[in-house]
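S.K.: Got a structure for you, written out below as structure tokens; questions coming shortly.
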Amino acid sequence: MLIEQCAYGNRWRFVSPAAKAAFSLGGFVAAFAAGRPDAAAGVAVLIVAVTLLGACVPPGRYLRIALPPLGFLLLGCVSLAYSLDFNDGNLVVQWLPEGWGPTLQLAARSLGALAAMLFLALTTPMVDLIAFFRRLHVPEVLLEIMVLCYRMLFVFSEAVRDTRTAQAARLGYATPRLALRSLGSLTANLTVQIWQRAHALHVAAQSRNNDGALRFLEPQYANTQRDLWIAGIGGACLIAAALGLA
Amino acid sequence: MTPSTPSPLLAFENVAFRYPDGNVGLDGCSLAITQGSRNALIGANGAGKTTLFQHANGLLRPQSGAIRYAGQPLDHSRAGLRALRSAVGLVFQNPDQQLFSASVQEDVSFGPLNLGLDMDTVRQRVNDALRAVRMDDYADRPVHNLSFGQKKRVCIAGVLAMQPQLLILDEPMAGLDHAMRQELLAVFDHLHGQGITLLLATHDIDFAYRWADRIHVMARGQCTAAFDAEDFPGNAHALAAAGLPIPGIIELHRQLVTAGHLQAGQSPRSLGELTELIKHQGKSAQ
């Protein structure tokens, strides 16, 4: 939901998704081209700065969205940095023989890639992204799955919330035992609902003359050419900076 | 139950349909919809209204009896259904059943694109349809951020963009507050003004009396009565047989006439008309 709010509320909402994707791609390439950890970290900082200052994504919201992936990144790095071993019944912790270097490099690159991905995700609504992928001729079946998943995500989160509230109102979550029971019946109920809704959507699509493929209108953007140029130059600058710092 | 014109736009002739689980959907249902008219289909829950609508749109196929559209029997071939569904638009009761695209504009474009129209025509139709339901400011919004009433209007736009001749709406007023109902009514009036035939299911008998040209009463899978809205007062028995009351305004008018406050005559169709009548007859009595 937070990502959704940013994607619709940022200053670059109506900038062509192609331009934003080009800049994001530039960020990815720069993060991987950076030879040293500080260069990759520098790229990450630059992209974050562009996201916060350029697209005006609120810093607090950005941090809240970035925290879960950062947590994963930390866990991943720690687990890479050492290995656990059992020797004769004793637990042995072994650090990487190469030291922290490779781990830092990996972490910095991942940060850069994360920043680049968040830039795209926080400035471009899913709707625009899907339309953009369609223009890139991503296979139709993948796009249809994306469209339906995206829409269903909201329909089902609403169904889950409503059912949970109704259960809680009748003390369904009063004790851990009851909570487990309620959760079970919620899952069972949702399974049936998914089935019914899928059928209902199929009938509704048929009534609007659908014969299989889902076709939608593509949004239009002003100044696509100009924005693509700017994004291209921005992306190239990032790559140049990463290589230069290295 | 004779149709008011010789060749109705949509006609059901003794249509029967039973669901696979044994439930009776339609049981010898006959009904006629005149071109350009406003029709209200009233009936209790489970009377078969939705089943009837799904037959009109070709989603269900009658097991016996016949359905005619513009004088021709329905053709359930692929091409026949395509033609039928572009002429008969169906708006479902639950908007979440109908809306599955991510954005408003995308969803409205779904039907016209299924008709095989080119992008420019589709864009034009989407804009026109959204303007007709006053949702043009929301074209780029994601569907899940809309209110219930707004979703309903997007559903209507999605069907309007296919430019149907007959627009069928299943309980369009259900779940809407007063202001939203008024807005939707204005949309209906606008569509009726454009020559679109309207058929809607409703539980609200007062609304049906106020709005419709013709009333169709459904009970137990049959259309048990059909009459012009002015003839409502004389059809109390048909309504009672279907478990429906007569509109409150008719009862009130009748009581006022019996008590001698008003002269006998045609019953007004809304509270506004009744107050006008009271003012007018009160003045002439003085």
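In the structure tokens, each chain is lettered A, B, ... as it comes, each chain's residues begin at 1, and ligands are numbered from 1 in order of appearance.
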At a cut-off of 7 Å, list the chain A residues touching chain B, using only C-alpha atoms, as a list in words.

M.R.: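 That gives Val127, Val147, Leu148, Tyr150, Arg151, Phe154, Arg197, Ala200, Leu201, Ala204, Ser207, Arg208, Asn209, Asn210, Arg215, Phe216 and Leu217 of chain A for chain A.
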
S.K.: Out of range 64-214 of chain A, which residues get strand (DSSP E) from DSSP, as a list in words?

M.R.: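 So, restricting range 64-214 of chain A to strand (DSSP E), we get Tyr82, Ser83, Leu84, Asp85, Phe86, Asn87, Asn90, Leu91, Val92, Val93, Gln94 and Trp95 of chain A.
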
S.K.: Applying 6 Å and only C-alpha atoms, which residues near range 106-118 of chain A remain after dropping the ones on its own chain fewer than 5 positions away? List them as a tab-separated table (two decimals) with C-alpha atoms, in the first residue's frame.

M.R.:
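The file below, around.tsv, is the result:
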chain	number	residue	atom	x	y	z
A	24	SER	CA	16.56	2.66	-13.33
A	27	GLY	CA	21.35	2.55	-12.02
A	28	PHE	CA	21.47	-1.25	-12.19
A	31	ALA	CA	25.83	-0.67	-9.48
A	37	PRO	CA	32.22	-1.00	-2.65
A	40	ALA	CA	28.59	1.14	-5.68
A	41	ALA	CA	27.48	2.79	-2.43
A	43	VAL	CA	25.69	5.11	-6.93
A	44	ALA	CA	23.07	3.99	-4.39
A	48	VAL	CA	18.21	7.64	-3.49

S.K.: At what distance in Å, to one decimal, does CA of Gly71 in chain B lie from CA of Pro164 in chain B?

M.R.: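 Interatomic distance, CA of Pro164 in chain B to CA of Gly71 in chain B: 16.7 Å.
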
S.K.: Which is closer to Pro172 in chain B than all the others in B:Ala56, B:Asp213, B:Glu273, B:Leu41, using only C-alpha atoms?

M.R.: B:Leu41
